[in-house]
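Below is the file coords08.cif, which contains mmCIF, C-alpha atoms.
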```cif
data_query
loop_
_atom_site.label_atom_id
_atom_site.label_comp_id
_atom_site.auth_asym_id
_atom_site.auth_seq_id
_atom_site.Cartn_x
_atom_site.Cartn_y
_atom_site.Cartn_z
CA MET P 1 -33.99 131.96 -7.50
CA MET P 2 -36.42 129.38 -8.90
CA LYS P 3 -33.57 127.30 -10.43
CA ARG P 4 -31.72 127.25 -7.17
CA PHE P 5 -34.81 125.94 -5.39
CA LYS P 6 -35.17 123.13 -7.95
CA CYS P 7 -31.58 122.03 -7.45
CA MET P 8 -32.03 121.91 -3.71
CA TYR P 9 -35.20 119.91 -4.14
CA VAL P 10 -33.54 117.33 -6.38
CA PHE P 11 -30.63 117.00 -3.94
CA VAL P 12 -33.00 116.35 -1.02
CA VAL P 13 -34.93 113.70 -2.98
CA VAL P 14 -31.76 111.89 -4.03
CA LEU P 15 -30.42 112.02 -0.47
CA VAL P 16 -33.61 110.58 1.02
CA SER P 17 -33.74 107.90 -1.67
CA THR P 18 -30.15 106.88 -0.96
CA PHE P 19 -30.76 106.40 2.76
CA THR P 20 -34.21 104.83 2.41
CA TYR P 21 -33.45 102.30 -0.31
CA ALA P 22 -29.76 101.54 0.39
CA GLN P 23 -29.15 97.89 -0.53
CA GLU P 24 -26.27 95.45 -0.37
CA ASN P 25 -25.77 91.86 -1.42
CA LEU P 26 -24.46 89.47 1.23
CA LYS P 27 -23.15 85.91 0.93
CA MET P 28 -24.49 83.71 3.72
CA PHE P 29 -24.03 80.12 4.79
CA VAL P 30 -27.05 78.53 6.51
CA LYS P 31 -26.62 75.52 8.80
CA GLU P 32 -28.74 72.41 8.41
CA ASN P 33 -30.73 72.81 11.64
CA LYS P 34 -32.45 75.57 13.60
CA VAL P 35 -32.12 76.16 17.34
CA SER P 36 -34.39 77.58 20.03
CA CYS P 37 -33.91 81.30 20.64
CA GLN P 38 -35.68 84.20 22.30
CA GLY P 39 -36.94 87.16 20.28
CA VAL P 40 -40.05 89.06 21.34
CA GLY P 41 -41.26 85.57 22.27
CA PRO P 42 -39.92 82.01 22.03
CA MET P 43 -38.95 81.09 18.46
CA GLU P 44 -36.44 79.10 16.44
CA CYS P 45 -33.55 80.73 14.62
CA LEU P 46 -31.48 79.88 11.60
CA GLN P 47 -27.75 79.52 12.23
CA VAL P 48 -25.73 81.53 9.71
CA LYS P 49 -22.22 82.65 8.79
CA TYR P 50 -21.40 85.68 6.63
CA GLY P 51 -18.64 85.51 4.01
CA ASN P 52 -15.46 84.19 5.60
CA ASP P 53 -16.75 84.10 9.20
CA LYS P 54 -15.66 81.04 11.21
CA GLU P 55 -18.36 81.05 13.90
CA TRP P 56 -22.07 80.36 13.43
CA GLN P 57 -24.45 83.01 14.79
CA LEU P 58 -28.19 83.15 15.39
CA PHE P 59 -30.32 84.84 12.71
CA TYR P 60 -33.54 86.29 14.16
CA ASP P 61 -35.03 87.66 10.93
CA HIS P 62 -36.97 86.27 7.96
CA ILE P 63 -35.45 85.88 4.49
CA GLU P 64 -38.16 86.55 1.93
CA GLY P 65 -38.28 83.85 -0.73
CA PHE P 66 -36.04 81.41 1.18
CA ASN P 67 -37.71 78.11 2.07
CA PHE P 68 -35.39 76.41 4.54
CA GLU P 69 -35.42 72.60 4.51
CA LYS P 70 -33.99 70.90 7.58
CA GLY P 71 -31.03 68.64 6.92
CA ASN P 72 -29.56 70.80 4.15
CA ARG P 73 -26.65 73.24 4.38
CA TYR P 74 -26.98 76.26 2.11
CA GLU P 75 -24.76 78.88 0.52
CA ILE P 76 -27.01 81.76 -0.54
CA VAL P 77 -26.85 85.38 -1.64
CA VAL P 78 -29.35 87.76 -0.05
CA THR P 79 -30.21 91.39 -0.63
CA ARG P 80 -30.25 93.38 2.60
CA THR P 81 -32.28 96.58 2.55
CA LYS P 82 -32.53 99.25 5.22
CA ARG P 83 -36.06 99.12 6.62
CA PRO P 84 -37.96 102.41 6.16
CA GLN P 85 -38.98 104.41 9.22
CA PRO P 86 -40.85 103.99 11.47
CA ILE P 87 -39.47 100.55 12.35
CA PRO P 88 -41.89 98.31 14.32
CA ALA P 89 -40.78 97.51 17.87
CA ASP P 90 -40.46 93.77 17.10
CA ALA P 91 -38.58 94.21 13.81
CA SER P 92 -34.90 94.61 12.93
CA SER P 93 -33.40 97.54 11.05
CA TYR P 94 -33.09 95.48 7.85
CA GLN P 95 -35.18 93.42 5.47
CA TYR P 96 -33.70 90.36 3.77
CA LYS P 97 -34.64 88.89 0.40
CA LEU P 98 -33.20 85.82 -1.31
CA LYS P 99 -31.28 86.66 -4.48
CA SER P 100 -29.89 83.24 -5.35
CA ILE P 101 -29.07 79.80 -3.92
CA VAL P 102 -25.44 79.03 -4.73
CA SER P 103 -25.52 75.52 -3.28
CA LYS P 104 -27.75 73.18 -1.27
CA THR P 105 -25.99 70.19 0.30
CA PRO P 106 -27.73 67.39 2.26
CA VAL P 107 -26.11 66.76 5.64
CA ASN P 108 -26.79 63.26 6.89
CA ALA P 109 -24.60 63.25 9.98
CA GLU P 110 -26.00 61.44 13.02
CA LYS P 111 -27.59 63.99 15.32
CA GLY P 112 -27.01 61.90 18.42
CA ILE P 113 -27.70 63.78 21.63
CA TYR P 114 -27.30 67.29 20.26
CA ASN P 115 -29.93 69.79 19.13
CA THR P 116 -32.85 67.51 19.92
CA LYS P 117 -35.44 67.70 22.67
CA MET P 118 -35.10 65.10 25.44
CA ILE P 119 -37.73 64.55 28.15
CA LEU P 120 -36.67 63.66 31.71
CA THR P 121 -37.93 60.18 32.64
CA GLN P 122 -35.74 59.34 35.65
CA LEU P 123 -33.95 61.41 38.31
CA ASN P 124 -31.74 59.91 41.02
CA GLY P 125 -33.33 56.51 40.47
CA LYS P 126 -36.89 57.84 40.67
CA LYS P 127 -39.26 57.60 37.68
CA ILE P 128 -40.54 60.94 36.34
CA ASN P 129 -43.76 60.77 34.32
CA SER P 130 -44.94 64.38 34.35
CA GLY P 131 -43.16 65.53 31.19
CA LYS P 132 -42.51 68.85 32.97
CA ALA P 133 -38.71 68.66 32.69
CA PHE P 134 -36.87 68.48 29.39
CA ILE P 135 -33.61 69.66 27.83
CA THR P 136 -31.90 70.42 24.53
CA ILE P 137 -28.10 70.26 24.32
CA ASN P 138 -26.81 72.86 21.85
CA ASP P 139 -23.39 71.90 20.53
CA GLU P 140 -22.82 75.29 18.87
CA THR P 141 -23.43 77.55 21.86
CA GLY P 142 -22.20 75.12 24.52
CA THR P 143 -25.43 75.39 26.51
CA ILE P 144 -28.14 73.10 27.83
CA SER P 145 -31.58 74.73 27.86
CA GLY P 146 -35.11 73.62 28.63
CA LYS P 147 -37.48 73.39 31.57
CA ASN P 148 -36.59 72.13 35.05
CA GLY P 149 -40.08 71.21 36.20
CA CYS P 150 -41.34 74.72 36.80
CA ASN P 151 -39.10 77.32 35.16
CA ASN P 152 -37.19 77.70 31.90
CA PHE P 153 -33.45 77.42 32.45
CA ASN P 154 -30.09 77.63 30.70
CA VAL P 155 -26.72 76.23 31.80
CA LYS P 156 -23.31 76.40 30.12
CA TYR P 157 -21.25 73.24 29.74
CA THR P 158 -17.70 72.32 28.70
CA LYS P 159 -16.84 69.27 26.63
CA LEU P 160 -14.20 67.18 28.40
CA SER P 161 -14.15 64.45 25.74
CA LYS P 162 -16.43 63.03 23.05
CA ASN P 163 -19.10 61.93 25.52
CA GLN P 164 -18.14 63.71 28.74
CA ILE P 165 -19.21 67.20 29.84
CA LYS P 166 -18.88 69.48 32.84
CA THR P 167 -21.78 71.80 33.69
CA ASP P 168 -21.81 75.26 35.25
CA SER P 169 -24.53 76.77 37.46
CA PRO P 170 -27.94 77.13 35.75
CA PHE P 171 -29.93 80.33 35.57
CA GLY P 172 -33.47 81.01 34.40
CA THR P 173 -36.91 82.38 35.15
CA LEU P 174 -38.26 82.65 38.70
CA MET P 175 -41.94 81.75 38.55
CA ALA P 176 -43.69 79.96 41.41
CA CYS P 177 -45.47 76.67 40.66
CA ASP P 178 -47.31 73.94 42.53
CA SER P 179 -45.38 72.09 45.23
CA GLU P 180 -44.74 68.98 43.12
CA SER P 181 -43.25 71.00 40.26
CA MET P 182 -41.15 73.09 42.65
CA LYS P 183 -39.77 69.92 44.26
CA LEU P 184 -38.85 68.54 40.84
CA GLU P 185 -37.15 71.85 39.98
CA GLN P 186 -35.15 71.78 43.20
CA ASP P 187 -33.98 68.18 42.70
CA PHE P 188 -33.23 68.65 39.01
CA SER P 189 -31.26 71.88 39.58
CA ALA P 190 -29.18 70.19 42.28
CA ALA P 191 -28.48 67.24 39.98
CA ILE P 192 -27.26 69.33 37.05
CA THR P 193 -25.34 72.11 38.86
CA LYS P 194 -21.52 71.99 38.47
CA LYS P 195 -21.33 68.29 37.72
CA LYS P 196 -19.30 66.03 35.45
CA PHE P 197 -21.29 63.58 33.35
CA LYS P 198 -20.63 60.74 30.98
CA ILE P 199 -23.46 60.74 28.44
CA VAL P 200 -24.60 57.39 27.03
CA LYS P 201 -27.21 57.09 24.25
CA LYS P 202 -29.05 53.82 23.65
CA ASN P 203 -31.66 54.09 20.89
CA ASN P 204 -34.04 56.81 22.15
CA THR P 205 -32.77 56.74 25.74
CA VAL P 206 -30.03 59.13 26.93
CA GLN P 207 -28.37 58.61 30.33
CA PHE P 208 -26.26 61.09 32.31
CA LYS P 209 -23.85 59.02 34.46
CA ASN P 210 -21.57 60.22 37.26
CA ALA P 211 -17.92 59.22 37.96
CA LYS P 212 -19.12 55.99 39.62
CA ASN P 213 -21.08 55.10 36.45
CA LYS P 214 -24.37 55.58 38.29
CA THR P 215 -27.24 57.03 36.22
CA VAL P 216 -28.18 60.41 37.69
CA MET P 217 -30.61 61.47 34.99
CA GLU P 218 -32.30 59.59 32.18
CA PHE P 219 -34.06 61.18 29.21
CA SER P 220 -36.22 59.94 26.36
CA ILE P 221 -36.14 61.28 22.79
CA PRO P 222 -39.76 61.13 21.60
CA THR P 223 -40.48 59.35 18.30
CA GLN P 224 -42.96 60.80 15.80
CA ASN P 225 -45.51 58.10 16.73
CA GLN P 226 -45.21 58.92 20.43
CA LEU P 227 -45.49 62.63 19.69
CA TRP P 228 -48.66 62.31 17.62
CA SER P 229 -50.20 59.84 20.06
CA PHE P 230 -49.76 62.51 22.75
CA ILE P 231 -51.18 65.26 20.52
CA GLU P 232 -54.19 63.17 19.50
CA LYS P 233 -55.23 62.04 22.97
CA ASN P 234 -55.49 65.61 24.30
CA ASN P 235 -57.88 68.49 23.68
CA TRP P 236 -56.05 71.74 22.94
CA LYS P 237 -57.40 75.17 23.91
CA LEU P 238 -56.00 78.38 22.39
CA ILE P 239 -54.12 80.27 25.12
CA ALA P 240 -51.95 82.69 23.10
CA LEU P 241 -52.28 84.25 19.66
CA GLU P 242 -49.46 86.33 18.16
CA ASN P 243 -47.78 86.57 21.59
CA VAL P 244 -51.00 87.79 23.29
CA GLY P 245 -52.03 85.44 26.08
CA GLN P 246 -55.66 85.64 27.22
CA ASP P 247 -58.91 83.69 27.45
CA TYR P 248 -60.02 83.01 23.85
CA GLY P 249 -63.26 81.32 24.84
CA LYS P 250 -64.07 78.18 22.86
CA ALA P 251 -61.12 78.55 20.48
CA SER P 252 -59.55 75.08 20.27
CA ILE P 253 -58.09 72.38 18.02
CA LYS P 254 -58.31 68.56 17.91
CA PHE P 255 -56.55 65.98 15.73
CA ASN P 256 -57.60 62.60 14.33
CA VAL P 257 -54.31 60.93 13.36
CA ALA P 258 -55.78 57.83 11.64
CA GLU P 259 -57.92 59.93 9.29
CA LYS P 260 -55.49 62.87 9.09
CA ARG P 261 -58.32 65.22 10.04
CA VAL P 262 -58.39 68.35 12.17
CA SER P 263 -61.35 70.01 13.86
CA GLY P 264 -62.02 72.67 16.44
CA ASN P 265 -63.49 76.06 17.11
CA THR P 266 -62.34 79.56 16.15
CA GLY P 267 -63.91 81.11 19.24
CA CYS P 268 -67.03 81.69 17.19
CA ASN P 269 -67.48 78.95 14.57
CA ASN P 270 -66.67 75.25 14.37
CA PHE P 271 -64.18 74.19 11.69
CA THR P 272 -63.00 70.96 10.05
CA GLY P 273 -60.31 70.09 7.56
CA THR P 274 -57.41 67.78 6.74
CA TYR P 275 -53.68 68.01 7.38
CA GLU P 276 -50.36 66.54 6.25
CA THR P 277 -47.05 66.45 8.12
CA ASN P 278 -43.42 66.26 7.07
CA GLY P 279 -41.18 66.00 10.11
CA ASP P 280 -41.92 69.11 12.19
CA HIS P 281 -43.82 70.84 9.36
CA ILE P 282 -47.59 70.72 9.00
CA SER P 283 -49.94 71.94 6.27
CA PHE P 284 -53.71 72.19 6.59
CA ASP P 285 -56.12 71.80 3.68
CA LYS P 286 -59.83 72.14 2.98
CA VAL P 287 -60.40 73.96 6.29
CA ALA P 288 -64.06 75.03 6.33
CA ALA P 289 -65.95 76.80 9.10
CA THR P 290 -69.62 77.32 9.92
CA LEU P 291 -71.01 80.76 9.18
CA MET P 292 -72.40 82.04 12.46
CA ALA P 293 -71.92 85.73 13.13
CA CYS P 294 -69.29 86.45 15.78
CA ILE P 295 -70.23 88.64 18.73
CA GLY P 296 -67.88 91.58 19.18
CA GLU P 297 -64.83 92.80 17.29
CA GLU P 298 -62.43 90.67 19.37
CA GLY P 299 -64.18 87.45 18.36
CA ASN P 300 -63.99 88.39 14.68
CA LYS P 301 -60.26 89.12 14.94
CA THR P 302 -59.54 85.82 16.68
CA GLU P 303 -61.43 83.86 14.03
CA GLN P 304 -59.76 85.70 11.13
CA LYS P 305 -56.28 85.14 12.53
CA MET P 306 -56.85 81.45 13.34
CA LEU P 307 -58.25 80.70 9.88
CA PHE P 308 -55.37 82.62 8.28
CA TYR P 309 -52.79 80.45 10.03
CA LEU P 310 -54.75 77.23 9.48
CA ASN P 311 -54.76 77.97 5.74
CA ASN P 312 -51.05 78.81 5.58
CA LYS P 313 -48.85 76.24 3.83
CA ASP P 314 -45.65 76.91 5.76
CA LEU P 315 -46.35 76.16 9.41
CA ARG P 316 -44.00 74.37 11.79
CA PHE P 317 -45.03 72.83 15.12
CA ASP P 318 -43.59 71.43 18.32
CA VAL P 319 -44.80 70.25 21.70
CA ALA P 320 -43.18 71.85 24.75
CA ASP P 321 -44.26 70.69 28.20
CA GLN P 322 -48.08 70.99 28.09
CA THR P 323 -48.42 73.22 25.02
CA LEU P 324 -48.78 72.68 21.27
CA ASN P 325 -47.03 75.50 19.42
CA PHE P 326 -47.27 76.68 15.81
CA TYR P 327 -44.67 78.84 14.06
CA LEU P 328 -44.79 80.92 10.86
CA ASN P 329 -41.46 82.12 9.48
CA ASP P 330 -39.86 81.07 12.81
CA LYS P 331 -42.20 83.33 14.82
CA LEU P 332 -44.45 81.71 17.42
CA VAL P 333 -47.99 82.58 16.28
CA MET P 334 -50.34 80.21 18.16
CA ILE P 335 -50.06 78.36 21.46
CA PHE P 336 -52.62 75.74 22.55
CA GLY P 337 -52.72 74.32 26.06
CA ILE P 338 -54.12 70.99 27.24
CA THR P 339 -57.70 71.18 28.47
CA LYS P 340 -60.10 68.53 29.76
#
```
Re-express the file's structure as structure tokens.
Amino acid sequence: MMKRFKCMYVFVVVLVSTFTYAQENLKMFVKENKVSCQGVGPMECLQVKYGNDKEWQLFYDHIEGFNFEKGNRYEIVVTRTKRPQPIPADASSYQYKLKSIVSKTPVNAEKGIYNTKMILTQLNGKKINSGKAFITINDETGTISGKNGCNNFNVKYTKLSKNQIKTDSPFGTLMACDSESMKLEQDFSAAITKKKFKIVKKNNTVQFKNAKNKTVMEFSIPTQNQLWSFIEKNNWKLIALENVGQDYGKASIKFNVAEKRVSGNTGCNNFTGTYETNGDHISFDKVAATLMACIGEEGNKTEQKMLFYLNNKDLRFDVADQTLNFYLNDKLVMIFGITK
């Protein structure tokens, strides 16, 4: 009877082990650029193909050990492991780990108008200076996404020729905004809905022209100097941390571009440090904070999380509308809003 029990026990252990630690190696191709996507919150996704697949697809997960560098196309082998129960609500069923990089090939093709953020500067002959409307044209998904002045939107388009497109009807969020933003949304939506456009790019200016060659919409592609000039001139207050939006008190960040210095407040203590950028990547160094005791558990947590991210070497950033956003492993971790 005892032997029989032991056999059953071993069988159960082996069975559990098989299901818990089941692994497989997958060959993946990774495209040279990421695109905006929506997980639990806004983020950017890798574009991947498995094996002999012909179509690129969005990859919402993190590959442990894989440091993606924009502008390079990869062929890699990853180990995919079934995630043990219980699975967090914001996690997938699998964990991915880099096994080997088969090849890494620089792709120097001209980006042109695709997969880059463009800010609306003119609509129906009228100058737009608010920065509240912007788009990104995704050549893989055949969609134009962005913000129409008030709400986030998405519209499908069809390529008619190399530089001509036809748009469908947009759809998006339904928030209410101030009257000026709502008017811009109304005019912008009317201008982009079910229209044919010839798209002309001149340096950092992109024009959407109608059949009569009249410019309906004009966009500007920000340069790095323009971007950092905008970041530097504003004060940035923490408004969301790990997808939790609330009032974080004095928590803020400020940049000095000439001296490559950063300063701010963790919600409890002041901090200073230095930073370096490489394209849309940023790394902070020598970040030191004062040592005042924080009042309350919430203040301590905010400070710990902010200092953790400000001491991480693999952060990416972007500026969307009136927010400065920081990403870790393609997940949006901190959002700062403009404050006076």
Exercise. Expand the PyMOL selection byres ((chain P and resi 145) around 12) into the individual residues it matches in the shown file, reporting them as a PyMOL selection string.
Key: chain P and resi 35-38+114-119+133-139+141-144+146-148+151-157+167+170-173+192
Would you kindly return, as a CSV table (one decimal) with C-alpha atoms, keeping the file's coordinate frame, each protein, DNA or RNA residue with an atom no farther than 12 Å from any atom of Asn265 of chain P, considering all atoms listed in the file and excluding same-chain residues fewer than 6 positions away?
```
chain,number,residue,atom,x,y,z
P,235,ASN,CA,-57.9,68.5,23.7
P,236,TRP,CA,-56.0,71.7,22.9
P,237,LYS,CA,-57.4,75.2,23.9
P,238,LEU,CA,-56.0,78.4,22.4
P,248,TYR,CA,-60.0,83.0,23.8
P,249,GLY,CA,-63.3,81.3,24.8
P,250,LYS,CA,-64.1,78.2,22.9
P,251,ALA,CA,-61.1,78.6,20.5
P,252,SER,CA,-59.6,75.1,20.3
P,253,ILE,CA,-58.1,72.4,18.0
P,254,LYS,CA,-58.3,68.6,17.9
P,271,PHE,CA,-64.2,74.2,11.7
P,272,THR,CA,-63.0,71.0,10.0
P,273,GLY,CA,-60.3,70.1,7.6
P,287,VAL,CA,-60.4,74.0,6.3
P,288,ALA,CA,-64.1,75.0,6.3
P,289,ALA,CA,-66.0,76.8,9.1
P,290,THR,CA,-69.6,77.3,9.9
P,291,LEU,CA,-71.0,80.8,9.2
P,292,MET,CA,-72.4,82.0,12.5
P,294,CYS,CA,-69.3,86.4,15.8
P,299,GLY,CA,-64.2,87.4,18.4
P,302,THR,CA,-59.5,85.8,16.7
P,303,GLU,CA,-61.4,83.9,14.0
P,304,GLN,CA,-59.8,85.7,11.1
P,306,MET,CA,-56.8,81.4,13.3
P,307,LEU,CA,-58.2,80.7,9.9
P,310,LEU,CA,-54.8,77.2,9.5
```
Exercise. Show which residues sit within 7 Å of Leu241 of chain P, as a PyMOL selection string. Count all atoms listed in the file, and ignore same-chain residues fewer than 6 positions away.
Key: chain P and resi 333-335
Practice problem: Please provide the set of residues having any atom within 12 Å of Lys260 of chain P, restricted to all atoms listed in the file, with same-chain residues fewer than 6 positions apart removed, written as a list in words. | Solution: Trp228, Glu232, Lys254, Thr272, Gly273, Thr274, Tyr275, Glu276, Thr277, Ile282, Ser283, Phe284, Asp285 and Lys286 of chain P
So which residues fall inside 8 Å of (-34.9, 70.8, 9.2) if we count all atoms listed in the file? Mind giving them as a PDB file with C-alpha atoms, in the coordinates of the input?
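The resulting out.pdb:
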```
ATOM      1  CA  GLU P  32     -28.740  72.410   8.410  1.00  0.00           C
ATOM      2  CA  ASN P  33     -30.730  72.810  11.640  1.00  0.00           C
ATOM      3  CA  LYS P  34     -32.450  75.570  13.600  1.00  0.00           C
ATOM      4  CA  PHE P  68     -35.390  76.410   4.540  1.00  0.00           C
ATOM      5  CA  GLU P  69     -35.420  72.600   4.510  1.00  0.00           C
ATOM      6  CA  LYS P  70     -33.990  70.900   7.580  1.00  0.00           C
ATOM      7  CA  GLY P  71     -31.030  68.640   6.920  1.00  0.00           C
ATOM      8  CA  ASN P  72     -29.560  70.800   4.150  1.00  0.00           C
ATOM      9  CA  GLY P 279     -41.180  66.000  10.110  1.00  0.00           C
ATOM     10  CA  ASP P 280     -41.920  69.110  12.190  1.00  0.00           C
TER      11      ASP P 280
END
```
Exercise. Write out as JSON, numbers by chain the residues lying within 12 Å of segment 120-132 of chain P, counting all atoms listed in the file and excluding same-chain residues fewer than 2 positions away.
Key: {"P": [117, 118, 134, 135, 136, 146, 147, 148, 149, 150, 151, 152, 177, 178, 180, 181, 182, 183, 184, 185, 186, 187, 188, 189, 190, 191, 192, 204, 205, 206, 207, 208, 209, 210, 214, 215, 216, 217, 218, 219, 220, 221, 222, 230, 319, 320, 321, 322, 323]}
Quiz item: Hey, what's within 9 Å of Leu332 of chain P if we count all atoms listed in the file and toss same-chain stuff fewer than 2 positions away? As number ranges by chain, please?
Solution: P: 41-44, 241-243, 325-330, 334-335
Keeping only C-alpha atoms, write the selected residues to a file as a PDB file, keeping the file's coordinate frame.
```pdb
ATOM      1  CA  GLY P  41     -41.260  85.570  22.270  1.00  0.00           C
ATOM      2  CA  PRO P  42     -39.920  82.010  22.030  1.00  0.00           C
ATOM      3  CA  MET P  43     -38.950  81.090  18.460  1.00  0.00           C
ATOM      4  CA  GLU P  44     -36.440  79.100  16.440  1.00  0.00           C
ATOM      5  CA  LEU P 241     -52.280  84.250  19.660  1.00  0.00           C
ATOM      6  CA  GLU P 242     -49.460  86.330  18.160  1.00  0.00           C
ATOM      7  CA  ASN P 243     -47.780  86.570  21.590  1.00  0.00           C
ATOM      8  CA  ASN P 325     -47.030  75.500  19.420  1.00  0.00           C
ATOM      9  CA  PHE P 326     -47.270  76.680  15.810  1.00  0.00           C
ATOM     10  CA  TYR P 327     -44.670  78.840  14.060  1.00  0.00           C
ATOM     11  CA  LEU P 328     -44.790  80.920  10.860  1.00  0.00           C
ATOM     12  CA  ASN P 329     -41.460  82.120   9.480  1.00  0.00           C
ATOM     13  CA  ASP P 330     -39.860  81.070  12.810  1.00  0.00           C
ATOM     14  CA  MET P 334     -50.340  80.210  18.160  1.00  0.00           C
ATOM     15  CA  ILE P 335     -50.060  78.360  21.460  1.00  0.00           C
TER      16      ILE P 335
END
```
Test item: axis-aligned box, all listed atoms of segment 170-179 of chain P, 6 Å on each side, centre and edges in Å rounded to one decimal, as AutoDock Vina command-line options:
```
--center_x -37.6 --center_y 77.4 --center_z 39.8 --size_x 31.4 --size_y 22.6 --size_z 22.8
```
Quiz item: Restricting the calculation to only C-alpha atoms, which member of P:Ala240, P:Cys45, P:Ala176, P:Ile63 is positioned closest to Tyr94 of chain P?
Solution: P:Ile63
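Applied to the shown file, the PyMOL selection byres ((chain P and resi 257) around 9) selects the residues Trp228, Ser229, Ile231, Glu232, Phe255, Asn256, Ala258, Glu259, Lys260, Arg261 and Val262 of chain P.
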Next, the residues of the selection above should be written as a tab-separated table (two decimals), keeping the file's coordinate frame with C-alpha atoms.
```tsv
chain	number	residue	atom	x	y	z
P	228	TRP	CA	-48.66	62.31	17.62
P	229	SER	CA	-50.20	59.84	20.06
P	231	ILE	CA	-51.18	65.26	20.52
P	232	GLU	CA	-54.19	63.17	19.50
P	255	PHE	CA	-56.55	65.98	15.73
P	256	ASN	CA	-57.60	62.60	14.33
P	258	ALA	CA	-55.78	57.83	11.64
P	259	GLU	CA	-57.92	59.93	9.29
P	260	LYS	CA	-55.49	62.87	9.09
P	261	ARG	CA	-58.32	65.22	10.04
P	262	VAL	CA	-58.39	68.35	12.17
```
Apply the PyMOL selection byres ((chain P and resi 25) around 9) to the structure shown and report the selected residues as a PDB file with C-alpha atoms, keeping the file's coordinate frame.
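Generated output (result.pdb):
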```pdb
ATOM      1  CA  GLN P  23     -29.150  97.890  -0.530  1.00  0.00           C
ATOM      2  CA  GLU P  24     -26.270  95.450  -0.370  1.00  0.00           C
ATOM      3  CA  LEU P  26     -24.460  89.470   1.230  1.00  0.00           C
ATOM      4  CA  LYS P  27     -23.150  85.910   0.930  1.00  0.00           C
ATOM      5  CA  VAL P  77     -26.850  85.380  -1.640  1.00  0.00           C
ATOM      6  CA  VAL P  78     -29.350  87.760  -0.050  1.00  0.00           C
ATOM      7  CA  THR P  79     -30.210  91.390  -0.630  1.00  0.00           C
ATOM      8  CA  ARG P  80     -30.250  93.380   2.600  1.00  0.00           C
ATOM      9  CA  THR P  81     -32.280  96.580   2.550  1.00  0.00           C
ATOM     10  CA  LYS P  99     -31.280  86.660  -4.480  1.00  0.00           C
TER      11      LYS P  99
END
```
Quiz item: Expressed in Å to a single decimal, how great is the separation between atom CA of Lys194 of chain P and atom CA of Lys162 of chain P?
Solution: 18.5 Å
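Across the model, the gap from atom CA of Gln95 of chain P to atom CA of Glu64 of chain P is 8.3 Å.
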Exercise. Go through P:Leu174, P:Lys196, P:Gln246, P:Leu324 and flag the residue nearest Lys159 of chain P, using all atoms listed in the file for the distances.
Key: P:Lys196
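Taking atom CA of Asp61 of chain P as the reference point, atom CA of Tyr96 of chain P is found at 7.8 Å.
When all atoms listed in the file are used to measure the gap to Asn278 of chain P, the shortest distance among P:Ala293, P:Glu298, P:Met175, P:Asp314 belongs to P:Asp314.
Nearest residue to Ile101 of chain P among P:Thr193, P:Asn269, P:Gln85, P:Asn67 is P:Asn67, counting only C-alpha atoms.
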